Every structure is written in structure tokens, then in C-alpha cells.
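**Student:** query-v2.cif is reproduced below (mmCIF, C-alpha atoms).
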data_input
#
loop_
_atom_site.label_atom_id
_atom_site.label_comp_id
_atom_site.auth_asym_id
_atom_site.auth_seq_id
_atom_site.Cartn_x
_atom_site.Cartn_y
_atom_site.Cartn_z
CA MET A 1 6.35 -23.76 -20.45
CA THR A 2 6.91 -20.03 -20.01
CA ILE A 3 9.97 -20.57 -17.80
CA ALA A 4 11.40 -22.94 -20.41
CA ARG A 5 10.98 -20.24 -23.08
CA LEU A 6 12.05 -17.15 -21.12
CA VAL A 7 15.08 -18.40 -19.20
CA PRO A 8 16.99 -19.13 -22.46
CA VAL A 9 16.17 -15.57 -23.62
CA ALA A 10 17.75 -14.21 -20.45
CA ALA A 11 20.74 -16.51 -20.94
CA ARG A 12 21.28 -15.13 -24.46
CA VAL A 13 21.18 -11.59 -23.11
CA LEU A 14 23.83 -12.52 -20.56
CA ALA A 15 25.94 -14.12 -23.30
CA GLY A 16 25.98 -10.80 -25.14
CA ASN A 17 23.76 -11.67 -28.09
CA HIS A 18 21.29 -8.86 -27.37
CA LEU A 19 23.47 -6.26 -25.63
CA ARG A 20 22.62 -2.69 -26.55
CA CYS A 21 25.21 -0.25 -27.75
CA ARG A 22 26.41 2.06 -24.99
CA SER A 23 28.95 3.94 -27.11
CA ALA A 24 26.88 7.10 -27.63
CA LYS A 25 28.35 10.13 -25.93
CA PHE A 26 26.24 11.99 -23.43
CA SER A 27 25.68 15.50 -24.75
CA SER A 28 23.09 18.25 -24.81
CA SER A 29 21.99 17.09 -28.25
CA PHE A 30 20.12 14.21 -26.66
CA GLN A 31 16.50 14.72 -25.71
CA ASP A 32 17.35 14.27 -22.02
CA PRO A 33 21.05 13.83 -21.22
CA VAL A 34 20.30 13.60 -17.48
CA PHE A 35 19.28 10.55 -15.49
CA GLU A 36 18.91 10.05 -11.77
CA THR A 37 18.80 6.95 -9.63
CA ALA A 38 17.16 6.37 -6.29
CA SER A 39 16.22 3.38 -4.19
CA SER A 40 14.98 2.40 -0.80
CA THR A 41 17.48 1.44 1.85
CA LEU A 42 17.61 -2.35 1.58
CA ARG A 43 18.29 -4.83 4.37
CA PHE A 44 18.72 -8.43 3.30
CA GLY A 45 19.21 -11.66 5.17
CA PRO A 46 17.55 -14.52 7.04
CA GLY A 47 15.94 -13.34 10.26
CA SER A 48 16.04 -9.64 9.34
CA THR A 49 12.32 -9.32 10.15
CA SER A 50 13.21 -9.63 13.82
CA GLU A 51 15.09 -6.32 13.63
CA VAL A 52 12.13 -4.20 12.52
CA GLY A 53 11.05 -3.44 16.07
CA GLN A 54 14.40 -1.73 16.58
CA ASP A 55 13.85 0.36 13.45
CA ILE A 56 10.50 1.50 14.79
CA ALA A 57 12.10 2.33 18.14
CA HIS A 58 14.85 4.35 16.42
CA LEU A 59 12.14 6.35 14.66
CA GLN A 60 10.61 7.02 18.09
CA ALA A 61 7.27 5.99 16.65
CA GLY A 62 4.38 5.99 19.09
CA ARG A 63 1.74 4.92 16.58
CA VAL A 64 2.28 2.26 13.92
CA LEU A 65 -0.03 1.44 11.02
CA LEU A 66 0.57 -2.16 9.93
CA PHE A 67 -0.72 -3.47 6.61
CA VAL A 68 -0.67 -7.26 6.43
CA ASP A 69 -1.97 -9.85 4.01
CA PRO A 70 -4.73 -11.84 5.79
CA ASN A 71 -3.04 -15.12 4.89
CA VAL A 72 0.34 -13.90 6.10
CA GLN A 73 -1.30 -12.86 9.37
CA ARG A 74 -1.55 -16.56 10.22
CA LEU A 75 2.13 -17.28 9.56
CA GLN A 76 5.37 -17.13 11.53
CA SER A 77 6.52 -13.95 9.76
CA TYR A 78 3.67 -11.97 11.33
CA GLN A 79 4.39 -13.43 14.75
CA THR A 80 8.10 -12.60 14.40
CA LEU A 81 7.29 -9.00 13.46
CA MET A 82 4.86 -8.49 16.33
CA GLU A 83 7.28 -10.04 18.84
CA SER A 84 9.99 -7.67 17.64
CA ILE A 85 7.72 -4.65 18.06
CA ASP A 86 6.61 -5.80 21.51
CA LEU A 87 10.22 -6.36 22.58
CA HIS A 88 11.82 -3.16 21.31
CA CYS A 89 8.98 -0.62 21.50
CA PRO A 90 6.41 -2.03 23.94
CA SER A 91 4.68 1.31 24.35
CA ALA A 92 3.97 1.67 20.63
CA GLU A 93 0.32 1.41 19.59
CA VAL A 94 -0.13 -0.80 16.52
CA GLU A 95 -3.20 -0.54 14.29
CA VAL A 96 -3.59 -3.49 11.90
CA TYR A 97 -5.24 -3.32 8.47
CA SER A 98 -5.69 -6.72 6.80
CA ARG A 99 -8.39 -6.16 4.15
CA ILE A 100 -5.83 -6.61 1.39
CA ARG A 101 -7.15 -7.53 -2.03
CA VAL A 102 -4.93 -9.73 -4.20
CA GLU A 103 -4.34 -7.47 -7.22
CA PRO A 104 -5.72 -4.27 -5.60
CA SER A 105 -8.50 -2.22 -7.15
CA ASP A 106 -9.53 1.41 -6.92
CA THR A 107 -12.15 0.31 -4.40
CA SER A 108 -9.72 -1.63 -2.19
CA PHE A 109 -7.23 1.25 -2.30
CA GLN A 110 -9.91 3.70 -1.21
CA ASP A 111 -10.97 1.42 1.64
CA ALA A 112 -7.38 1.36 2.90
CA ILE A 113 -7.07 5.12 2.43
CA GLU A 114 -10.19 5.73 4.48
CA PHE A 115 -8.77 3.56 7.27
CA ALA A 116 -5.41 5.36 7.22
CA GLN A 117 -7.03 8.80 7.31
CA LYS A 118 -8.90 8.09 10.55
CA SER A 119 -5.84 8.72 12.69
CA ALA A 120 -2.27 10.02 12.60
CA TYR A 121 0.66 7.59 12.50
CA ASP A 122 4.41 7.92 12.90
CA VAL A 123 5.40 4.97 10.71
CA VAL A 124 3.73 2.61 8.25
CA VAL A 125 4.74 -1.06 7.97
CA ALA A 126 3.70 -3.44 5.18
CA LEU A 127 4.08 -7.22 5.53
CA GLY A 128 3.01 -9.21 2.49
CA GLY A 129 3.41 -9.43 -1.26
CA GLY A 130 3.29 -6.64 -3.79
CA SER A 131 -0.46 -6.16 -3.32
CA THR A 132 0.05 -5.42 0.38
CA ILE A 133 2.99 -3.08 -0.14
CA ASP A 134 1.24 -1.21 -2.97
CA THR A 135 -1.87 -0.80 -0.81
CA ALA A 136 0.27 0.64 1.98
CA LYS A 137 1.93 3.08 -0.43
CA ALA A 138 -1.40 4.39 -1.69
CA ALA A 139 -2.92 4.70 1.78
CA ASN A 140 0.20 6.43 3.07
CA LEU A 141 0.11 8.96 0.21
CA TYR A 142 -3.54 9.95 0.59
CA ALA A 143 -3.32 10.02 4.38
CA THR A 144 -0.38 12.42 4.14
CA TYR A 145 -1.79 14.54 1.30
CA PRO A 146 -5.58 14.13 1.18
CA THR A 147 -7.33 15.10 -2.02
CA GLY A 148 -10.96 15.46 -2.97
CA ASP A 149 -10.50 13.29 -6.05
CA PHE A 150 -8.94 9.83 -5.77
CA TYR A 151 -7.66 10.15 -9.34
CA ASP A 152 -5.58 13.28 -8.69
CA TYR A 153 -2.32 11.33 -8.20
CA VAL A 154 -3.23 8.48 -10.56
CA ASN A 155 -1.21 8.28 -13.76
CA SER A 156 -2.77 9.87 -16.83
CA PRO A 157 -4.71 9.23 -18.98
CA VAL A 158 -6.84 7.32 -16.46
CA GLY A 159 -6.05 9.85 -13.72
CA ASN A 160 -4.98 13.45 -13.46
CA GLY A 161 -1.28 12.70 -12.98
CA HIS A 162 -0.65 15.35 -10.33
CA PRO A 163 2.86 15.12 -8.79
CA VAL A 164 3.12 14.01 -5.17
CA PRO A 165 3.61 17.24 -3.15
CA GLY A 166 6.39 16.02 -0.89
CA PRO A 167 7.65 13.28 1.44
CA VAL A 168 5.26 10.82 3.04
CA ILE A 169 5.31 9.02 6.39
CA PRO A 170 8.24 6.54 6.60
CA LEU A 171 7.23 3.15 5.19
CA ILE A 172 8.96 -0.10 6.11
CA ALA A 173 8.19 -2.77 3.50
CA ILE A 174 8.69 -6.47 4.29
CA PRO A 175 7.96 -8.62 1.21
CA THR A 176 6.75 -12.20 1.59
CA THR A 177 7.09 -13.08 -2.10
CA ALA A 178 10.05 -12.77 -4.47
CA GLY A 179 8.49 -10.93 -7.38
CA THR A 180 7.28 -7.35 -7.55
CA GLY A 181 10.28 -5.62 -6.00
CA SER A 182 7.78 -3.15 -4.55
CA GLU A 183 10.02 -2.69 -1.51
CA CYS A 184 12.41 -0.78 -3.82
CA THR A 185 10.07 1.16 -6.10
CA GLY A 186 7.91 4.29 -6.04
CA VAL A 187 5.05 2.68 -7.92
CA CYS A 188 1.73 1.19 -6.78
CA ILE A 189 -0.54 -0.57 -9.28
CA PHE A 190 -4.29 -1.24 -9.15
CA ASP A 191 -7.26 -2.41 -11.22
CA ASP A 192 -9.46 0.53 -12.19
CA THR A 193 -12.93 -1.00 -12.18
CA PRO A 194 -14.82 1.87 -13.91
CA THR A 195 -12.61 1.63 -17.01
CA ARG A 196 -11.75 -2.08 -16.66
CA SER A 197 -8.10 -1.16 -17.00
CA LYS A 198 -4.97 -1.38 -14.92
CA THR A 199 -3.04 1.71 -13.92
CA GLY A 200 -1.19 3.14 -10.93
CA ILE A 201 0.58 5.95 -9.14
CA ALA A 202 4.27 6.62 -9.71
CA SER A 203 6.50 8.92 -7.70
CA ARG A 204 9.94 8.64 -6.14
CA ALA A 205 8.34 9.95 -2.95
CA LEU A 206 6.43 6.66 -2.58
CA ARG A 207 9.54 4.53 -2.23
CA PRO A 208 9.71 2.79 1.15
CA ALA A 209 12.24 4.25 3.54
CA LEU A 210 13.39 0.69 4.26
CA GLY A 211 12.91 -2.62 2.50
CA VAL A 212 13.50 -5.68 4.69
CA VAL A 213 14.05 -8.77 2.52
CA ASP A 214 14.00 -11.87 4.68
CA PRO A 215 14.14 -15.24 2.85
CA GLU A 216 12.59 -16.87 5.92
CA ASN A 217 9.32 -15.11 5.05
CA MET A 218 9.07 -17.08 1.78
CA LYS A 219 9.42 -20.56 3.28
CA THR A 220 5.74 -21.41 2.99
CA ILE A 221 5.13 -20.34 -0.63
CA CYS A 222 3.89 -23.01 -3.03
CA SER A 223 5.34 -23.68 -6.48
CA SER A 224 2.87 -21.34 -8.25
CA VAL A 225 3.65 -18.47 -5.89
CA ALA A 226 7.33 -19.08 -6.60
CA LYS A 227 6.86 -19.38 -10.36
CA TYR A 228 4.70 -16.40 -11.30
CA PRO A 229 6.40 -13.78 -9.12
CA GLY A 230 9.71 -15.22 -10.32
CA LEU A 231 8.66 -14.67 -13.92
CA ASP A 232 7.78 -11.10 -12.95
CA VAL A 233 11.36 -10.67 -11.71
CA LEU A 234 12.68 -12.04 -14.99
CA CYS A 235 10.51 -9.70 -17.06
CA HIS A 236 11.36 -6.70 -14.87
CA ALA A 237 15.04 -7.33 -15.57
CA LEU A 238 14.67 -8.03 -19.29
CA GLU A 239 12.34 -5.10 -19.92
CA SER A 240 14.32 -2.53 -17.96
CA TYR A 241 17.54 -3.62 -19.66
CA THR A 242 15.99 -3.35 -23.13
CA ALA A 243 14.00 -0.17 -22.43
CA ILE A 244 14.57 2.98 -24.50
CA PRO A 245 17.78 4.65 -23.26
CA HIS A 246 17.04 7.63 -21.03
CA GLN A 247 18.71 10.10 -23.40
CA LEU A 248 16.36 9.06 -26.23
CA ARG A 249 13.16 9.09 -24.18
CA PRO A 250 10.29 10.84 -26.01
CA GLY A 251 9.25 14.11 -24.43
CA GLY A 252 12.73 15.38 -23.81
CA ARG A 253 14.20 17.06 -20.78
CA PRO A 254 11.53 18.18 -18.33
CA SER A 255 11.21 21.80 -17.22
CA SER A 256 11.85 20.72 -13.61
CA PRO A 257 13.58 17.66 -12.10
CA ILE A 258 10.39 16.83 -10.17
CA LEU A 259 8.68 16.22 -13.52
CA ARG A 260 11.26 13.69 -14.72
CA PRO A 261 9.36 10.37 -14.80
CA ALA A 262 10.24 7.59 -12.40
CA TYR A 263 10.41 5.36 -15.47
CA GLN A 264 13.05 7.50 -17.20
CA GLY A 265 14.60 4.90 -19.52
CA SER A 266 17.52 2.53 -19.27
CA ASN A 267 20.79 3.91 -17.97
CA PRO A 268 24.21 2.54 -16.97
CA VAL A 269 23.28 2.24 -13.28
CA SER A 270 19.93 0.48 -13.73
CA ASP A 271 21.64 -1.91 -16.17
CA ILE A 272 23.87 -3.21 -13.37
CA TRP A 273 20.87 -4.14 -11.21
CA SER A 274 18.98 -5.67 -14.13
CA MET A 275 21.92 -7.80 -15.23
CA HIS A 276 22.41 -9.12 -11.70
CA ALA A 277 18.75 -10.11 -11.55
CA LEU A 278 18.99 -11.84 -14.94
CA GLN A 279 21.99 -13.86 -13.80
CA GLU A 280 20.18 -15.01 -10.68
CA CYS A 281 16.96 -15.88 -12.55
CA VAL A 282 18.76 -18.01 -15.11
CA GLN A 283 20.45 -20.05 -12.40
CA TYR A 284 17.95 -20.13 -9.55
CA LEU A 285 14.37 -19.58 -10.77
CA PRO A 286 13.91 -23.15 -12.11
CA ARG A 287 15.34 -24.50 -8.85
CA LEU A 288 13.02 -22.37 -6.71
CA VAL A 289 9.94 -23.50 -8.62
CA ALA A 290 11.00 -27.13 -8.24
CA ASP A 291 11.51 -26.88 -4.46
CA PRO A 292 10.40 -23.53 -2.96
CA GLU A 293 10.57 -24.70 0.66
CA GLY A 294 13.62 -26.95 0.63
CA ASP A 295 16.05 -25.13 -1.67
CA GLU A 296 17.21 -22.40 0.70
CA GLU A 297 19.93 -21.14 -1.63
CA ALA A 298 17.52 -20.68 -4.56
CA ARG A 299 14.95 -18.97 -2.33
CA SER A 300 17.53 -16.59 -0.91
CA ARG A 301 19.05 -15.73 -4.28
CA MET A 302 15.66 -15.08 -5.89
CA CYS A 303 14.66 -12.83 -2.99
CA LEU A 304 17.67 -10.65 -3.67
CA ALA A 305 17.09 -10.86 -7.43
CA SER A 306 13.60 -9.49 -6.91
CA SER A 307 14.98 -6.43 -5.12
CA SER A 308 17.75 -6.03 -7.69
CA ALA A 309 15.25 -6.07 -10.54
CA GLY A 310 13.03 -3.67 -8.58
CA THR A 311 15.90 -1.22 -8.25
CA GLY A 312 16.65 -1.61 -11.96
CA PHE A 313 13.18 -1.13 -13.37
CA GLY A 314 12.30 1.39 -10.64
CA ASN A 315 14.88 3.71 -12.25
CA ALA A 316 14.50 2.66 -15.88
CA GLY A 317 10.98 1.39 -16.45
CA VAL A 318 9.38 -1.56 -18.17
CA HIS A 319 7.72 -1.80 -21.56
CA LEU A 320 5.57 -4.07 -23.71
CA CYS A 321 5.33 -7.15 -21.47
CA HIS A 322 3.91 -5.13 -18.61
CA GLY A 323 1.90 -2.82 -20.85
CA MET A 324 0.19 -5.77 -22.52
CA SER A 325 -0.31 -7.54 -19.20
CA TYR A 326 -2.74 -4.87 -18.04
CA SER A 327 -5.23 -5.85 -20.70
CA VAL A 328 -4.89 -9.51 -19.79
CA ALA A 329 -5.37 -8.93 -16.06
CA SER A 330 -8.10 -6.29 -16.24
CA GLN A 331 -10.36 -8.32 -18.53
CA VAL A 332 -10.26 -11.57 -16.54
CA LYS A 333 -13.56 -13.36 -16.00
CA ASN A 334 -14.88 -13.82 -12.48
CA ASN A 335 -14.70 -17.61 -12.70
CA PHE A 336 -10.93 -17.74 -13.40
CA TRP A 337 -8.46 -17.93 -10.53
CA THR A 338 -4.77 -18.73 -10.95
CA ASP A 339 -3.89 -22.11 -9.47
CA GLY A 340 -2.05 -21.99 -6.17
CA TYR A 341 -3.28 -18.54 -5.11
CA SER A 342 -5.46 -18.48 -2.01
CA GLN A 343 -9.01 -17.23 -2.43
CA ASP A 344 -10.51 -18.29 0.89
CA ILE A 345 -10.37 -14.78 2.43
CA ARG A 346 -12.49 -12.53 0.21
CA GLU A 347 -15.29 -10.11 0.71
CA GLU A 348 -18.62 -11.56 -0.41
CA ASP A 349 -19.42 -8.41 -2.38
CA ASP A 350 -16.00 -8.40 -4.08
CA VAL A 351 -16.38 -11.22 -6.57
CA HIS A 352 -13.55 -11.11 -9.09
CA GLY A 353 -11.24 -13.38 -11.00
CA LEU A 354 -7.46 -13.42 -10.72
CA VAL A 355 -4.72 -13.68 -13.29
CA ALA A 356 -1.53 -13.63 -11.24
CA HIS A 357 0.54 -10.61 -12.23
CA GLY A 358 3.56 -12.68 -13.20
CA LEU A 359 1.37 -14.85 -15.42
CA SER A 360 -0.23 -11.87 -17.18
CA VAL A 361 3.22 -10.37 -17.79
CA SER A 362 5.00 -13.48 -18.96
CA ILE A 363 2.28 -14.86 -21.23
CA ASN A 364 3.12 -12.31 -23.94
CA ALA A 365 6.83 -12.04 -23.17
CA PRO A 366 8.13 -14.64 -25.68
CA ALA A 367 6.38 -12.78 -28.51
CA VAL A 368 7.68 -9.42 -27.26
CA PHE A 369 11.30 -10.50 -27.20
CA ARG A 370 11.04 -12.27 -30.55
CA PHE A 371 9.78 -8.91 -31.86
#
How would this structure read if it were set down as C-alpha cells?
**Tutor:**
Amino acid sequence: MTIARLVPVAARVLAGNHLRCRSAKFSSSFQDPVFETASSTLRFGPGSTSEVGQDIAHLQAGRVLLFVDPNVQRLQSYQTLMESIDLHCPSAEVEVYSRIRVEPSDTSFQDAIEFAQKSAYDVVVALGGGSTIDTAKAANLYATYPTGDFYDYVNSPVGNGHPVPGPVIPLIAIPTTAGTGSECTGVCIFDDTPTRSKTGIASRALRPALGVVDPENMKTICSSVAKYPGLDVLCHALESYTAIPHQLRPGGRPSSPILRPAYQGSNPVSDIWSMHALQECVQYLPRLVADPEGDEEARSRMCLASSSAGTGFGNAGVHLCHGMSYSVASQVKNNFWTDGYSQDIREEDDVHGLVAHGLSVSINAPAVFRF
């Protein structure tokens, strides 16, 4: 139902019905006339996972910290990655962390941080969906710049909102779902259990050094894991395109470029990425949901759309759909679990429900865009 309601909205945007005016001149009279764009280096194509071992070798990495979804660890994508590392850098020592929580929490982040802080690593690799990549980002940050308070880098008002001090260890992100675009963004999101809210950490420094988008890694996803991440892609693109323009962003020009938010407002460059993602979603998302394994073209195009939308919203931001989704996801009851999402690998003392992120975002989206 949500796809049937949202895809026509995207089609109307593409037709020009909802295009924003871009005729305003850029001048110092605007609150912030400056915008900046940044993105991870992106490698796209079938079989690209098999090249990652060469990337690690080029970095001359002796110690590798690999974050992997426990379900993905049983699939061909994990085997392909490990074979590539063994082939191209056989002397590298690989430490594997697989205690990934679907929709991470402050507790799961801190568990990963504690693991990462036990030793020094030359490169971090993340193989999995957005939850895995976000967990790797957080662990990488706190391992590089330890702090006495977990909430120091967490966005205010939940956290202290301290800026990330500098660059982190190189992170190679290999997504296995077409949804979050986390391989292109400097954001990691988690459930904050003490406040029963959802928040995150945002900094350009957290962007992966390399995102490897391999459609072969999405062959085994079911229809639900195609649908809800796909709706997240659609909302990323729609929200970033319709976000407040950067020059009208409340708060004005920051005193230092480092203080300019990652979500700075829509701009001409982010619009290009968002529009590309919208075009792909309109044409290929319904096809991918109908046949996620067999429709190779739809799977490939939605993989790239996810990264395109990630680059768009990673430089512009999102708005009401995602803001409202945090209340939906953080208040879920323990007995609810989104159909199609695996729950067979869970800690016994971590009993929680799950509203898939794409579901929590898209459920309010028709009302938002009518508004």
C-alpha cells in the first residue's frame, strides 16, 4: 500500500509539479550562502566485493577489524570477502565482530566500541546492512578518539554534540541491502534506551573512505527486505530534495566551517543525486519488490539509487518523515517484529521489538507530502 501511494508522489516530483524555485541569487544576505558537498569514494558493480582484498593490501594494513551481520556471515558475500583478503593480503590479521543488533542501540554500540578499543587496527571493514555499517562507524570513532562519556559525540539534545576531533581509521563499507545509503554518509543512528528515543552521531569525518556496492550481495534478500529499505531510499530522495534550501537554514552561517552541519539543507549538487534516486525508484522499486532475486536489472539499479540518495541526503538532510519515524521505531512493543526480518540470532537478554526503519519512515510519508 505504501509503495502504491509514494511512487506516484515521486513521479509527480519528476514531472515538475512540485519543483522548488531555484531562481534566488546567492548573496551575503542569505543566512548561510555557503554549502559544501562531500561523499565517500564509491565503487559499483557486480563482483566488486572480490576487489576489497586489494584495497586492504594497498593500504598496507596488517590488522583488519571486520564488522559483519551474523546472518550475512553465513552467505556467499562473506566468503567472497574473506577469500579476497586471503588472496591479496594473506599476512593480514582479521578480527571479526558479529554481535550486530538490527536497529542498533546505545548498548549495542558500546559493546562494539569496547571490542574495537581492545586493540589497534589499520583498517575497518563493514559487511552488512545499515545497522552493521553504522555500528562500525561508531566503534571506529570511539576507538580513534576515546571519551569518558558515550554521549559526548551524540547529537544534542540527547547527547553533548561535541564535534569529531579529526579523521578516523579508514572504513570500507560493503552494503548488503539497498536502503540506508550508509556507505556514503557521515551519520550513524541508534536507539537510545534510557530516553526511549532515536538519535545518532553526525560528522563528515565518519564517512567511509570507500563504499563498495555490489548487487551480487543482495541476491538473497526477501521481498520485505527489498521493500522497506527501498522505501527508505525513496524517502531519502524526496526529503532531501524538498528540504529547506541551505541558504535559508535556521541558525545562519557558522563561526567555523567545522561547525556547519552535515545536514546543511538542499543545494544544487544534492538535488542531482536525489533526482537520480527518484527516477530509479519510480521505475525499479516495484519490480525489485516483486522479484528481488530474479530481476537483476531492478536489483542493480536500486543498489545504485540507494547510494545516490545517500549522497543526496548526506549533504542536504532529511526532514519530517525521518523525524517522525524515530517516535514510531523507539516506542515499538517487544512482541512486534517486522515480517521478513530475521530474529533467530539475538542475545537472550536483549529482548526488543523491531519496526524496520523503512517502514517507520514511510508510514507517515503520505501525510507529510500531502502537507
**Student:** In terms of the shortest atom-to-atom distance over all atoms listed in the file, which of A:Leu288, A:Ile3, A:Pro257, A:Ser40 is closest to Ala365 in chain A?
**Tutor:** A:Ile3
**Student:** Could you please determine the separation between CA of Ser270 in chain A and CA of Pro286 in chain A in Å, to one decimal place?
**Tutor:**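 Going from CA of Ser270 in chain A over to CA of Pro286 in chain A, I get 24.4 Å.
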**Student:** List the spatial neighbours of range 96-109 of chain A as a PyMOL selection string - criterion: any atom at most 8 Å away, only C-alpha atoms, same-chain residues fewer than 3 positions off excluded.
**Tutor:** chain A and resi 65-70+73+112-113+115+131-132+135+138-139+189-193+346+354+356-357
**Student:** Got time to write the residues from that selection, C-alpha atoms, as a PDB file, in the frame of the given file?
**Tutor:**
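Generated file (result10.pdb):
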ATOM      1  CA  LEU A  65      -0.030   1.440  11.020  1.00  0.00           C
ATOM      2  CA  LEU A  66       0.570  -2.160   9.930  1.00  0.00           C
ATOM      3  CA  PHE A  67      -0.720  -3.470   6.610  1.00  0.00           C
ATOM      4  CA  VAL A  68      -0.670  -7.260   6.430  1.00  0.00           C
ATOM      5  CA  ASP A  69      -1.970  -9.850   4.010  1.00  0.00           C
ATOM      6  CA  PRO A  70      -4.730 -11.840   5.790  1.00  0.00           C
ATOM      7  CA  GLN A  73      -1.300 -12.860   9.370  1.00  0.00           C
ATOM      8  CA  ALA A 112      -7.380   1.360   2.900  1.00  0.00           C
ATOM      9  CA  ILE A 113      -7.070   5.120   2.430  1.00  0.00           C
ATOM     10  CA  PHE A 115      -8.770   3.560   7.270  1.00  0.00           C
ATOM     11  CA  SER A 131      -0.460  -6.160  -3.320  1.00  0.00           C
ATOM     12  CA  THR A 132       0.050  -5.420   0.380  1.00  0.00           C
ATOM     13  CA  THR A 135      -1.870  -0.800  -0.810  1.00  0.00           C
ATOM     14  CA  ALA A 138      -1.400   4.390  -1.690  1.00  0.00           C
ATOM     15  CA  ALA A 139      -2.920   4.700   1.780  1.00  0.00           C
ATOM     16  CA  ILE A 189      -0.540  -0.570  -9.280  1.00  0.00           C
ATOM     17  CA  PHE A 190      -4.290  -1.240  -9.150  1.00  0.00           C
ATOM     18  CA  ASP A 191      -7.260  -2.410 -11.220  1.00  0.00           C
ATOM     19  CA  ASP A 192      -9.460   0.530 -12.190  1.00  0.00           C
ATOM     20  CA  THR A 193     -12.930  -1.000 -12.180  1.00  0.00           C
ATOM     21  CA  ARG A 346     -12.490 -12.530   0.210  1.00  0.00           C
ATOM     22  CA  LEU A 354      -7.460 -13.420 -10.720  1.00  0.00           C
ATOM     23  CA  ALA A 356      -1.530 -13.630 -11.240  1.00  0.00           C
ATOM     24  CA  HIS A 357       0.540 -10.610 -12.230  1.00  0.00           C
TER      25      HIS A 357
END
**Student:** Give as an MDAnalysis selection string every residue, naming chains and numbers as the document does, that has an atom within 12 Å of (1.0, -1.7, -13.0), counting all atoms listed in the file.
**Tutor:** chainID A and resid 103:105 130:131 134 154:155 180 182 185:192 197:202 232 236 314 317:330 357:358 360:361
**Student:** Got a sec to resolve the PyMOL selection byres ((chain A and resi 52) around 10) on this structure and send the residues as number ranges by chain?
**Tutor:** A: 48-51, 53-58, 80-85, 88, 125, 172-174, 210, 212
**Student:** Would you compute the distance between CA of Met302 in chain A and CA of Gln279 in chain A? Give it in Å to one decimal.
**Tutor:**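 It comes out at 10.2 Å.
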**Student:** I'd like the interatomic distance between CA of Pro163 in chain A and CA of Asn267 in chain A, to a tenth of an Å.
**Tutor:**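 Computed distance, CA of Pro163 in chain A to CA of Asn267 in chain A, equals 23.1 Å.
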**Student:** Any chance you could resolve the PyMOL selection byres ((chain A and resi 252) around 12) against this file and give the residues as a list in words?
**Tutor:** Ser28, Ser29, Phe30, Gln31, Asp32, Pro33, Val34, Phe35, Pro245, His246, Gln247, Leu248, Arg249, Pro250, Gly251, Arg253, Pro254, Ser255, Ser256, Pro257, Leu259, Arg260, Pro261, Gln264 and Gly265 of chain A
**Student:** Okay, now the selection with C-alpha atoms, as an mmCIF file, in the frame of the given file?
**Tutor:**
data_model
loop_
_atom_site.group_PDB
_atom_site.id
_atom_site.type_symbol
_atom_site.label_atom_id
_atom_site.label_comp_id
_atom_site.auth_asym_id
_atom_site.auth_seq_id
_atom_site.Cartn_x
_atom_site.Cartn_y
_atom_site.Cartn_z
ATOM 1 C CA SER A 28 23.090 18.250 -24.810
ATOM 2 C CA SER A 29 21.990 17.090 -28.250
ATOM 3 C CA PHE A 30 20.120 14.210 -26.660
ATOM 4 C CA GLN A 31 16.500 14.720 -25.710
ATOM 5 C CA ASP A 32 17.350 14.270 -22.020
ATOM 6 C CA PRO A 33 21.050 13.830 -21.220
ATOM 7 C CA VAL A 34 20.300 13.600 -17.480
ATOM 8 C CA PHE A 35 19.280 10.550 -15.490
ATOM 9 C CA PRO A 245 17.780 4.650 -23.260
ATOM 10 C CA HIS A 246 17.040 7.630 -21.030
ATOM 11 C CA GLN A 247 18.710 10.100 -23.400
ATOM 12 C CA LEU A 248 16.360 9.060 -26.230
ATOM 13 C CA ARG A 249 13.160 9.090 -24.180
ATOM 14 C CA PRO A 250 10.290 10.840 -26.010
ATOM 15 C CA GLY A 251 9.250 14.110 -24.430
ATOM 16 C CA ARG A 253 14.200 17.060 -20.780
ATOM 17 C CA PRO A 254 11.530 18.180 -18.330
ATOM 18 C CA SER A 255 11.210 21.800 -17.220
ATOM 19 C CA SER A 256 11.850 20.720 -13.610
ATOM 20 C CA PRO A 257 13.580 17.660 -12.100
ATOM 21 C CA LEU A 259 8.680 16.220 -13.520
ATOM 22 C CA ARG A 260 11.260 13.690 -14.720
ATOM 23 C CA PRO A 261 9.360 10.370 -14.800
ATOM 24 C CA GLN A 264 13.050 7.500 -17.200
ATOM 25 C CA GLY A 265 14.600 4.900 -19.520
#
**Student:** Please determine, counting all atoms listed in the file, which residue among A:Gln283, A:Asn217, A:Ser266, A:Ser306 has the shortest atom-to-atom distance to Tyr78 in chain A.
**Tutor:**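 Of all the options, A:Asn217 lies closest to Tyr78 in chain A.
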**Student:** Show me, as JSON, the centre and edge lengths in Å to one decimal of the axis-aligned box that covers every listed atom of range 196-204 of chain A with 6 Å on each side.
**Tutor:**
{"center_x": -0.9, "center_y": 3.4, "center_z": -11.6, "size_x": 33.7, "size_y": 23.0, "size_z": 22.9}
**Student:** Which residues, written as JSON, numbers by chain, have at least one atom at most 8 Å from range 140-146 of chain A, with all atoms listed in the file counted and residues fewer than 6 positions away on the same chain left out?
**Tutor:** {"A": [113, 116, 117, 124, 164, 165, 168, 169, 206]}
